[in-house]
>>> print(open('coords17.cif').read())   # mmCIF, C-alpha atoms
data_entry
#
loop_
_atom_site.label_atom_id
_atom_site.label_comp_id
_atom_site.auth_asym_id
_atom_site.auth_seq_id
_atom_site.Cartn_x
_atom_site.Cartn_y
_atom_site.Cartn_z
CA MET B 1 81.71 32.22 41.77
CA THR B 2 85.22 31.15 40.75
CA VAL B 3 86.98 32.54 37.68
CA TYR B 4 86.57 29.16 35.98
CA SER B 5 82.86 29.04 36.84
CA THR B 6 82.43 32.44 35.19
CA ALA B 7 83.92 31.06 31.97
CA VAL B 8 81.63 28.01 32.00
CA GLU B 9 78.58 30.16 32.74
CA ALA B 10 79.51 32.40 29.82
CA ALA B 11 79.73 29.34 27.56
CA ARG B 12 76.31 28.20 28.75
CA ARG B 13 74.61 31.58 28.27
CA ASP B 14 76.42 32.58 25.07
CA PRO B 15 76.86 29.40 23.03
CA VAL B 16 77.68 31.05 19.71
CA PRO B 17 81.37 31.96 19.31
CA HIS B 18 81.87 35.57 18.21
CA ASP B 19 83.75 34.57 15.06
CA GLU B 20 80.73 32.52 13.91
CA ARG B 21 78.04 35.15 14.41
CA GLN B 22 79.25 37.13 11.44
CA HIS B 23 79.20 34.02 9.25
CA ASP B 24 75.71 33.15 10.44
CA ALA B 25 74.42 36.63 9.72
CA VAL B 26 75.59 36.84 6.12
CA GLY B 27 72.44 36.30 4.09
CA PRO B 28 70.20 33.24 4.00
CA ASN B 29 71.95 29.93 3.39
CA PRO B 30 70.37 26.80 1.97
CA PRO B 31 68.79 24.59 4.68
CA ALA B 32 71.43 21.91 4.16
CA ASP B 33 74.43 24.25 4.34
CA PRO B 34 76.93 22.29 6.48
CA HIS B 35 78.21 25.36 8.36
CA ARG B 36 74.66 26.22 9.37
CA ILE B 37 73.99 22.61 10.38
CA LEU B 38 77.06 22.53 12.63
CA HIS B 39 76.20 25.95 14.06
CA ARG B 40 72.60 24.93 14.81
CA CYS B 41 73.65 21.75 16.57
CA ARG B 42 76.41 23.42 18.61
CA THR B 43 73.96 26.12 19.70
CA LEU B 44 71.50 23.44 20.83
CA VAL B 45 74.10 21.36 22.68
CA ARG B 46 76.42 23.97 24.23
CA PRO B 47 74.29 24.92 27.27
CA ALA B 48 73.93 21.27 28.32
CA LEU B 49 77.63 20.63 27.71
CA ALA B 50 78.60 23.64 29.81
CA GLU B 51 76.20 22.57 32.56
CA ALA B 52 77.79 19.11 32.64
CA VAL B 53 81.33 20.50 32.79
CA GLY B 54 80.20 22.83 35.57
CA ARG B 55 79.49 19.79 37.77
CA LEU B 56 83.13 18.73 37.78
CA HIS B 57 85.67 19.49 40.51
CA PRO B 58 86.66 23.14 39.87
CA TRP B 59 90.30 22.38 38.97
CA VAL B 60 89.36 19.48 36.72
CA GLY B 61 86.53 21.52 35.26
CA GLU B 62 88.91 24.35 34.45
CA MET B 63 91.08 21.95 32.43
CA ALA B 64 88.00 20.67 30.63
CA ALA B 65 86.84 24.22 29.89
CA TYR B 66 90.34 25.05 28.63
CA SER B 67 90.21 22.04 26.30
CA PHE B 68 86.92 23.31 24.86
CA GLY B 69 88.38 26.78 24.33
CA TRP B 70 86.17 28.46 26.95
CA CYS B 71 88.92 29.71 29.27
CA GLU B 72 92.62 30.36 29.64
CA VAL B 73 94.95 28.68 32.13
CA GLY B 74 93.80 30.03 35.48
CA GLY B 75 90.16 30.16 34.39
CA ALA B 76 89.85 33.60 32.78
CA PRO B 77 87.10 33.48 30.12
CA ALA B 78 88.32 33.13 26.54
CA VAL B 79 87.02 32.44 23.07
CA ALA B 80 89.68 30.13 21.66
CA PRO B 81 89.44 27.81 18.66
CA GLY B 82 87.35 24.74 19.39
CA GLY B 83 86.34 21.73 17.35
CA LYS B 84 83.72 21.84 14.62
CA GLY B 85 81.31 19.80 16.74
CA VAL B 86 80.93 17.05 14.13
CA ARG B 87 80.12 14.32 16.64
CA GLN B 88 77.54 16.36 18.51
CA ALA B 89 75.92 17.27 15.19
CA LEU B 90 75.72 13.59 14.27
CA ALA B 91 74.00 12.84 17.59
CA VAL B 92 71.41 15.58 17.08
CA LEU B 93 70.83 14.53 13.48
CA GLY B 94 70.60 10.88 14.56
CA ALA B 95 67.68 11.76 16.84
CA GLU B 96 66.05 13.84 14.12
CA ALA B 97 66.57 11.08 11.55
CA ALA B 98 64.61 8.78 13.86
CA GLY B 99 61.71 11.25 13.77
CA ALA B 100 62.37 12.73 17.21
CA SER B 101 63.28 16.27 18.21
CA GLY B 102 66.94 17.27 18.05
CA ARG B 103 66.64 18.00 21.78
CA ASP B 104 66.19 14.27 22.34
CA GLY B 105 69.74 13.81 21.05
CA VAL B 106 71.34 16.48 23.25
CA ALA B 107 72.38 14.10 26.04
CA ALA B 108 73.95 11.80 23.44
CA ALA B 109 75.75 14.79 21.91
CA VAL B 110 77.08 15.86 25.31
CA ALA B 111 78.27 12.35 26.15
CA VAL B 112 80.03 11.86 22.83
CA GLU B 113 81.65 15.31 22.96
CA LEU B 114 82.95 14.54 26.45
CA VAL B 115 84.37 11.21 25.28
CA HIS B 116 85.94 12.88 22.25
CA ALA B 117 87.58 15.49 24.49
CA PHE B 118 88.79 12.74 26.84
CA SER B 119 90.34 10.87 23.91
CA LEU B 120 92.11 14.01 22.65
CA LEU B 121 93.58 14.77 26.07
CA HIS B 122 95.03 11.28 26.30
CA ASP B 123 96.05 11.12 22.60
CA ASP B 124 98.11 14.29 22.92
CA ILE B 125 100.00 12.78 25.84
CA MET B 126 100.59 9.46 24.07
CA ASP B 127 101.69 11.13 20.84
CA GLY B 128 103.74 13.85 22.53
CA ASP B 129 101.76 16.56 20.70
CA ALA B 130 102.46 19.86 22.45
CA ASP B 131 99.76 21.88 20.69
CA ARG B 132 96.07 21.43 20.09
CA ARG B 133 94.07 23.91 17.98
CA ARG B 134 96.91 26.42 17.88
CA ARG B 135 97.52 26.66 21.62
CA PRO B 136 99.26 24.48 24.21
CA ALA B 137 97.68 21.06 24.73
CA VAL B 138 96.20 20.48 28.18
CA TRP B 139 99.16 18.36 29.29
CA LYS B 140 101.59 21.14 28.34
CA ALA B 141 99.47 23.81 29.99
CA TYR B 142 98.69 21.94 33.24
CA GLY B 143 101.01 18.92 33.39
CA THR B 144 100.73 15.29 32.36
CA GLY B 145 99.16 13.96 35.55
CA PRO B 146 96.45 16.63 35.72
CA ALA B 147 95.63 16.11 32.03
CA VAL B 148 95.19 12.36 32.57
CA LEU B 149 92.92 13.11 35.53
CA ALA B 150 90.86 15.56 33.48
CA GLY B 151 90.45 12.97 30.73
CA ASP B 152 89.29 10.37 33.25
CA ALA B 153 86.78 12.84 34.68
CA LEU B 154 85.36 13.61 31.23
CA PHE B 155 84.92 9.89 30.55
CA ALA B 156 83.12 9.35 33.86
CA LEU B 157 80.91 12.38 33.22
CA ALA B 158 79.94 11.02 29.80
CA VAL B 159 78.74 7.74 31.29
CA GLU B 160 76.88 9.56 34.05
CA THR B 161 75.17 11.81 31.47
CA LEU B 162 73.85 8.86 29.48
CA ALA B 163 72.92 6.72 32.48
CA ALA B 164 70.60 9.47 33.74
CA GLN B 165 68.49 9.39 30.54
CA PRO B 166 65.38 7.30 29.88
CA GLY B 167 66.71 4.31 28.00
CA GLY B 168 70.13 5.07 29.46
CA ALA B 169 71.13 1.43 29.86
CA ALA B 170 70.96 0.80 26.11
CA ALA B 171 72.79 4.07 25.44
CA VAL B 172 75.60 3.18 27.85
CA ARG B 173 75.97 -0.23 26.16
CA THR B 174 76.26 1.50 22.78
CA LEU B 175 78.91 3.86 24.14
CA SER B 176 80.81 0.99 25.79
CA VAL B 177 81.15 -0.88 22.49
CA ALA B 178 82.46 2.26 20.80
CA LEU B 179 84.93 2.91 23.61
CA GLY B 180 86.27 -0.62 23.38
CA ASP B 181 86.81 -0.17 19.65
CA LEU B 182 88.39 3.25 20.15
CA VAL B 183 90.94 1.78 22.56
CA ARG B 184 91.63 -1.08 20.13
CA GLY B 185 92.23 1.39 17.30
CA GLN B 186 94.49 3.59 19.42
CA ALA B 187 96.50 0.53 20.49
CA ASP B 188 96.99 -0.57 16.88
CA ASP B 189 97.98 2.96 15.86
CA LEU B 190 100.63 3.09 18.57
CA LEU B 191 101.96 -0.35 17.64
CA PHE B 192 102.16 0.58 13.95
CA ALA B 193 104.90 3.10 14.79
CA ASP B 194 107.31 0.31 15.81
CA ARG B 195 106.70 -1.94 12.82
CA PRO B 196 109.08 -1.93 9.83
CA TRP B 197 108.42 -0.20 6.52
CA THR B 198 109.04 -3.35 4.49
CA GLY B 199 109.00 -7.13 4.89
CA PRO B 200 106.46 -9.56 6.31
CA GLU B 201 105.92 -7.47 9.47
CA ARG B 202 105.06 -4.25 7.66
CA VAL B 203 101.64 -2.66 8.17
CA ARG B 204 99.15 -3.68 5.49
CA PRO B 205 96.39 -1.44 4.13
CA ASP B 206 93.68 -3.75 5.49
CA GLU B 207 95.16 -3.37 8.99
CA TYR B 208 95.07 0.37 8.51
CA ARG B 209 91.38 0.26 7.54
CA ALA B 210 90.52 -1.69 10.69
CA MET B 211 92.53 0.78 12.80
CA ALA B 212 90.79 3.78 11.21
CA GLU B 213 87.34 2.28 11.71
CA HIS B 214 88.07 1.63 15.38
CA LYS B 215 90.00 4.80 16.22
CA THR B 216 87.95 7.32 14.24
CA GLY B 217 84.82 5.61 12.95
CA SER B 218 83.64 4.03 16.18
CA LEU B 219 82.87 7.34 17.87
CA LEU B 220 81.31 8.88 14.76
CA GLY B 221 79.06 5.86 14.38
CA CYS B 222 78.30 5.88 18.09
CA ALA B 223 77.28 9.54 17.95
CA ALA B 224 74.65 9.01 15.26
CA ALA B 225 73.45 5.75 16.81
CA LEU B 226 73.20 7.22 20.32
CA GLY B 227 71.06 10.09 19.09
CA ALA B 228 68.78 7.59 17.40
CA VAL B 229 68.62 5.36 20.50
CA LEU B 230 67.61 8.27 22.74
CA GLY B 231 65.18 9.38 20.02
CA GLY B 232 63.39 6.04 20.26
CA ALA B 233 64.63 4.55 16.98
CA ALA B 234 64.29 0.87 16.12
CA PRO B 235 67.49 -1.16 16.67
CA GLU B 236 68.02 -1.62 12.92
CA THR B 237 67.93 2.16 12.40
CA ALA B 238 70.53 2.74 15.11
CA ALA B 239 72.69 -0.05 13.68
CA ALA B 240 72.50 1.48 10.17
CA LEU B 241 73.53 4.89 11.50
CA ASP B 242 76.41 3.26 13.38
CA ARG B 243 77.59 1.55 10.16
CA ALA B 244 77.33 4.82 8.27
CA GLY B 245 79.40 6.62 10.89
CA ARG B 246 82.08 3.95 10.85
CA HIS B 247 82.48 4.23 7.08
CA LEU B 248 82.52 8.00 7.45
CA GLY B 249 85.31 7.64 10.00
CA ILE B 250 87.49 5.68 7.59
CA ALA B 251 86.89 8.23 4.83
CA PHE B 252 87.54 11.09 7.26
CA GLN B 253 90.81 9.51 8.42
CA ILE B 254 91.99 8.94 4.84
CA VAL B 255 91.32 12.58 3.97
CA ASP B 256 93.27 13.58 7.08
CA ASP B 257 96.14 11.42 5.80
CA VAL B 258 96.13 13.19 2.44
CA LEU B 259 96.01 16.59 4.14
CA GLY B 260 98.79 15.51 6.49
CA ILE B 261 101.12 15.21 3.50
CA TRP B 262 99.80 17.70 0.92
CA GLY B 263 97.47 19.99 2.88
CA ASP B 264 97.81 23.77 2.91
CA PRO B 265 99.41 24.78 6.25
CA ARG B 266 97.16 27.87 6.35
CA VAL B 267 94.17 25.51 6.48
CA THR B 268 95.53 22.54 8.43
CA GLY B 269 97.68 24.48 10.90
CA LYS B 270 100.42 21.91 10.29
CA PRO B 271 103.57 22.12 8.16
CA VAL B 272 103.45 20.69 4.65
CA HIS B 273 104.62 17.05 4.60
CA GLY B 274 104.12 17.02 8.38
CA ASP B 275 103.04 13.37 8.57
CA LEU B 276 106.11 12.33 6.57
CA ARG B 277 108.40 14.26 8.91
CA GLU B 278 106.80 12.34 11.76
CA ARG B 279 107.08 9.12 9.70
CA LYS B 280 103.44 8.17 10.20
CA LYS B 281 102.17 5.02 8.50
CA THR B 282 99.21 6.59 6.72
CA LEU B 283 97.24 5.05 3.86
CA PRO B 284 99.01 6.89 0.99
CA VAL B 285 102.35 5.74 2.42
CA LEU B 286 101.22 2.13 2.84
CA VAL B 287 99.82 1.98 -0.71
CA ALA B 288 103.02 3.46 -2.15
CA LEU B 289 105.18 1.01 -0.19
CA GLY B 290 103.45 -1.81 -2.06
CA SER B 291 104.31 -0.27 -5.44
CA PRO B 292 107.50 -0.48 -7.53
CA GLN B 293 108.55 2.76 -5.79
CA GLY B 294 108.35 1.04 -2.41
CA GLY B 295 112.01 0.24 -1.85
CA ARG B 296 113.23 3.76 -2.51
CA LEU B 297 110.38 5.24 -0.51
CA ALA B 298 111.17 3.01 2.48
CA ALA B 299 114.77 4.22 2.44
CA LEU B 300 113.65 7.86 2.42
CA LEU B 301 111.15 7.26 5.22
CA GLU B 302 113.73 5.43 7.31
CA THR B 303 116.03 8.44 7.38
CA GLY B 304 113.31 11.11 7.27
CA ASP B 305 115.79 13.43 5.57
CA ASP B 306 113.79 14.44 2.51
CA PRO B 307 110.00 14.48 3.06
CA GLY B 308 109.51 16.42 -0.17
CA ALA B 309 111.12 13.66 -2.21
CA ALA B 310 109.06 11.07 -0.33
CA ALA B 311 105.84 12.96 -1.10
CA GLU B 312 106.79 13.08 -4.77
CA LEU B 313 107.42 9.34 -4.84
CA ILE B 314 104.09 8.63 -3.15
CA GLU B 315 102.25 10.75 -5.69
CA ARG B 316 104.17 9.21 -8.60
CA ALA B 317 103.15 5.77 -7.35
CA GLY B 318 99.51 6.83 -7.65
CA ALA B 319 98.98 6.46 -3.91
CA ARG B 320 97.46 9.89 -3.37
CA ALA B 321 94.79 9.21 -6.00
CA ALA B 322 94.29 5.66 -4.70
CA ALA B 323 93.74 6.96 -1.17
CA MET B 324 91.07 9.41 -2.31
CA THR B 325 89.41 6.70 -4.40
CA GLU B 326 89.29 4.59 -1.24
CA ALA B 327 87.77 7.49 0.70
CA TRP B 328 85.01 7.89 -1.86
CA ARG B 329 84.29 4.14 -1.72
CA HIS B 330 83.55 4.55 1.96
CA VAL B 331 81.38 7.58 1.19
CA ALA B 332 79.35 5.32 -1.11
CA ALA B 333 79.09 2.80 1.73
CA VAL B 334 77.69 5.56 3.96
CA GLU B 335 75.04 6.28 1.34
CA SER B 336 74.16 2.59 1.14
CA ALA B 337 73.77 2.36 4.91
CA LEU B 338 71.53 5.44 5.02
CA ALA B 339 69.44 4.15 2.10
CA GLY B 340 68.74 0.88 3.91
CA VAL B 341 66.45 2.25 6.62
CA PRO B 342 63.58 4.77 6.79
CA LEU B 343 64.91 8.13 7.97
CA GLU B 344 63.23 11.52 8.29
CA ALA B 345 63.85 13.28 4.97
CA THR B 346 65.29 16.59 6.21
CA ALA B 347 67.69 14.91 8.62
CA ARG B 348 68.79 12.47 5.91
CA GLY B 349 69.58 15.44 3.64
CA GLU B 350 71.52 17.20 6.38
CA LEU B 351 73.51 14.04 7.14
CA ARG B 352 74.47 13.83 3.46
CA SER B 353 75.41 17.50 3.36
CA LEU B 354 77.61 17.09 6.42
CA LEU B 355 79.22 14.04 4.88
CA GLY B 356 80.26 15.92 1.75
CA PHE B 357 81.63 18.79 3.81
CA LEU B 358 83.80 16.50 5.92
CA ILE B 359 85.31 14.75 2.91
CA ARG B 360 85.86 17.83 0.71
CA ARG B 361 88.34 19.59 2.99
CA ASP B 362 90.69 21.21 0.48
CA VAL B 363 91.92 17.90 -0.91
#
>>> encode(input="coords17.cif", output="structure tokens")
Amino acid sequence: MTVYSTAVEAARRDPVPHDERQHDAVGPNPPADPHRILHRCRTLVRPALAEAVGRLHPWVGEMAAYSFGWCEVGGAPAVAPGGKGVRQALAVLGAEAAGASGRDGVAAAVAVELVHAFSLLHDDIMDGDADRRRRPAVWKAYGTGPAVLAGDALFALAVETLAAQPGGAAAVRTLSVALGDLVRGQADDLLFADRPWTGPERVRPDEYRAMAEHKTGSLLGCAAALGAVLGGAAPETAAALDRAGRHLGIAFQIVDDVLGIWGDPRVTGKPVHGDLRERKKTLPVLVALGSPQGGRLAALLETGDDPGAAAELIERAGARAAAMTEAWRHVAAVESALAGVPLEATARGELRSLLGFLIRRDV
């Protein structure tokens, strides 16, 4: 057994990270506690995810395992920070909301987690981000070409995972639509960087909303819908869960925008005003540019010399509050989508609990 295979086998046999066991053992939590929901779903999905990664070429699989925090460069086992597992939780809850077992959503959860990892590998390269979850991004650790290859392998593995399931053809079609939207959103996001701050060619808030739905919401909606599809849900139920996830994605992205300017670095892992230093066209910025403060703000953003002053102008323009109001409008749209179809009561409650947790992230 290779060093990398040992790390993957450890992830399969021991799905609960050590730093989460203590949290899970501290007294009984309410059934809808979001940390417990995420923990439960990760524990259910991790063995299947590790088994899928274990089928990859050993070198490619090592890079994938590194991206999940299971190993170090070279394959030595590690317990490094990973994602919260939001998308895999949505897939499990999507199956349960359709009245099926959470296990019926595991293949959907694995596929979506693989696609999410693939998108992060490629995003870090496109954005030039050297770090991911407080350690070197895959492209910095292994090289750009290998990281692209690893991303491609994860994408192929996701399709293979779904295609092997009963009802796999419908699931692959659902994933394909989401992937097309994800690429569209990423393309728009990249193009936004080259557009001016002011004038007729500037980025408008409605363009931002479409980008956020495609780049972030498509995969969240796909996760919930895929779980429902594999759980035998009616098409209208899967479509409602997809709509809910897309609205959640917009709200999630807006909250990220607010945190990217005003978030606590101890929580976000990024410097305060980080998005302004990088001159990102986020929703608070776009709203403020359309206010009477817009001209002065555009000048500050053009030079990038004083992100603190820019943040103050954005807040004075009411754009921070406006962005959060927009986020909560999309939360209400999630509720409307969930209310429109019959869903299993416990899963509906857990979906709502997870929604509140994702939006209330120290904003």
>>> axis_aligned_box(input="coords17.cif", around="stretch 262-267 of chain B", padding_each_side="4 Å", output="lines of an AutoDock Vina configuration file")
center_x = 97.0
center_y = 22.8
center_z = 3.7
size_x = 13.6
size_y = 18.2
size_z = 13.6
>>> residues_around(input="coords17.cif", residues="B:Gly232", least_positions_apart="2", cutoff="9 Å", atoms="only C-alpha atoms", output="ChimeraX atom specification")
/B:95,98-100,104,167,227-230,234
>>> atom_distance(input="coords17.cif", atom1="atom CA of B:Gly290", atom2="atom CA of B:Val334")
27.5 Å
>>> closest_residue(input="coords17.cif", among="B:Gly151, B:Gly85, B:Gly128, B:Gly75", to="B:Arg40", atoms="only C-alpha atoms")
B:Gly85
>>> residues_near_point(input="coords17.cif", point="(70.1, 14.1, 9.1)", cutoff="7 Å", atoms="all atoms listed in the file", output="PDB file with C-alpha atoms, in the coordinates of the input")
ATOM      1  CA  LEU B  93      70.830  14.530  13.480  1.00  0.00           C
ATOM      2  CA  GLY B  94      70.600  10.880  14.560  1.00  0.00           C
ATOM      3  CA  GLU B  96      66.050  13.840  14.120  1.00  0.00           C
ATOM      4  CA  ALA B  97      66.570  11.080  11.550  1.00  0.00           C
ATOM      5  CA  THR B 346      65.290  16.590   6.210  1.00  0.00           C
ATOM      6  CA  ALA B 347      67.690  14.910   8.620  1.00  0.00           C
ATOM      7  CA  ARG B 348      68.790  12.470   5.910  1.00  0.00           C
ATOM      8  CA  GLY B 349      69.580  15.440   3.640  1.00  0.00           C
ATOM      9  CA  GLU B 350      71.520  17.200   6.380  1.00  0.00           C
ATOM     10  CA  LEU B 351      73.510  14.040   7.140  1.00  0.00           C
TER      11      LEU B 351
END
>>> residues_around(input="coords17.cif", residues="B:Ile125", least_positions_apart="5", cutoff="10 Å", atoms="all atoms listed in the file", output="ChimeraX atom specification")
/B:120,130,137-140,143-145,147-148
>>> decode(input="coords17.cif", residues="stretch 29-49 of chain B", atoms="N, CA and C atoms", output="short mmCIF file (atom, residue, chain, number, x, y, z; two decimals), in the first residue's frame")
data_model
loop_
_atom_site.label_atom_id
_atom_site.label_comp_id
_atom_site.auth_asym_id
_atom_site.auth_seq_id
_atom_site.Cartn_x
_atom_site.Cartn_y
_atom_site.Cartn_z
N ASN B 29 -27.16 18.18 21.69
CA ASN B 29 -27.56 19.38 20.94
C ASN B 29 -28.97 19.19 20.40
N PRO B 30 -29.65 20.26 20.10
CA PRO B 30 -30.96 20.12 19.47
C PRO B 30 -30.84 19.37 18.14
N PRO B 31 -31.87 18.65 17.71
CA PRO B 31 -31.79 17.86 16.48
C PRO B 31 -31.41 18.70 15.27
N ALA B 32 -31.81 19.97 15.25
CA ALA B 32 -31.57 20.79 14.08
C ALA B 32 -30.31 21.66 14.22
N ASP B 33 -29.44 21.34 15.19
CA ASP B 33 -28.20 22.09 15.32
C ASP B 33 -27.38 21.95 14.04
N PRO B 34 -27.01 23.06 13.39
CA PRO B 34 -26.35 22.95 12.08
C PRO B 34 -25.01 22.24 12.13
N HIS B 35 -24.24 22.41 13.22
CA HIS B 35 -22.95 21.71 13.32
C HIS B 35 -23.17 20.19 13.35
N ARG B 36 -24.19 19.77 14.08
CA ARG B 36 -24.48 18.34 14.14
C ARG B 36 -24.99 17.83 12.79
N ILE B 37 -25.77 18.64 12.09
CA ILE B 37 -26.25 18.24 10.76
C ILE B 37 -25.07 18.03 9.82
N LEU B 38 -24.17 18.99 9.77
CA LEU B 38 -23.00 18.88 8.89
C LEU B 38 -22.14 17.68 9.28
N HIS B 39 -21.95 17.50 10.57
CA HIS B 39 -21.15 16.37 11.07
C HIS B 39 -21.78 15.04 10.66
N ARG B 40 -23.08 14.91 10.85
CA ARG B 40 -23.79 13.68 10.50
C ARG B 40 -23.64 13.36 9.02
N CYS B 41 -23.81 14.37 8.19
CA CYS B 41 -23.76 14.14 6.75
C CYS B 41 -22.34 13.83 6.28
N ARG B 42 -21.35 14.53 6.83
CA ARG B 42 -19.95 14.22 6.47
C ARG B 42 -19.59 12.79 6.88
N THR B 43 -20.04 12.38 8.06
CA THR B 43 -19.74 11.03 8.54
C THR B 43 -20.36 9.98 7.62
N LEU B 44 -21.55 10.26 7.12
CA LEU B 44 -22.23 9.34 6.21
C LEU B 44 -21.53 9.27 4.85
N VAL B 45 -21.05 10.41 4.37
CA VAL B 45 -20.52 10.51 3.01
C VAL B 45 -19.04 10.15 2.92
N ARG B 46 -18.26 10.44 3.96
CA ARG B 46 -16.80 10.34 3.85
C ARG B 46 -16.30 8.98 3.37
N PRO B 47 -16.79 7.84 3.87
CA PRO B 47 -16.25 6.57 3.37
C PRO B 47 -16.42 6.41 1.86
N ALA B 48 -17.57 6.79 1.33
CA ALA B 48 -17.80 6.67 -0.11
C ALA B 48 -16.93 7.64 -0.89
N LEU B 49 -16.72 8.83 -0.34
CA LEU B 49 -15.86 9.81 -1.00
C LEU B 49 -14.42 9.30 -1.04
#
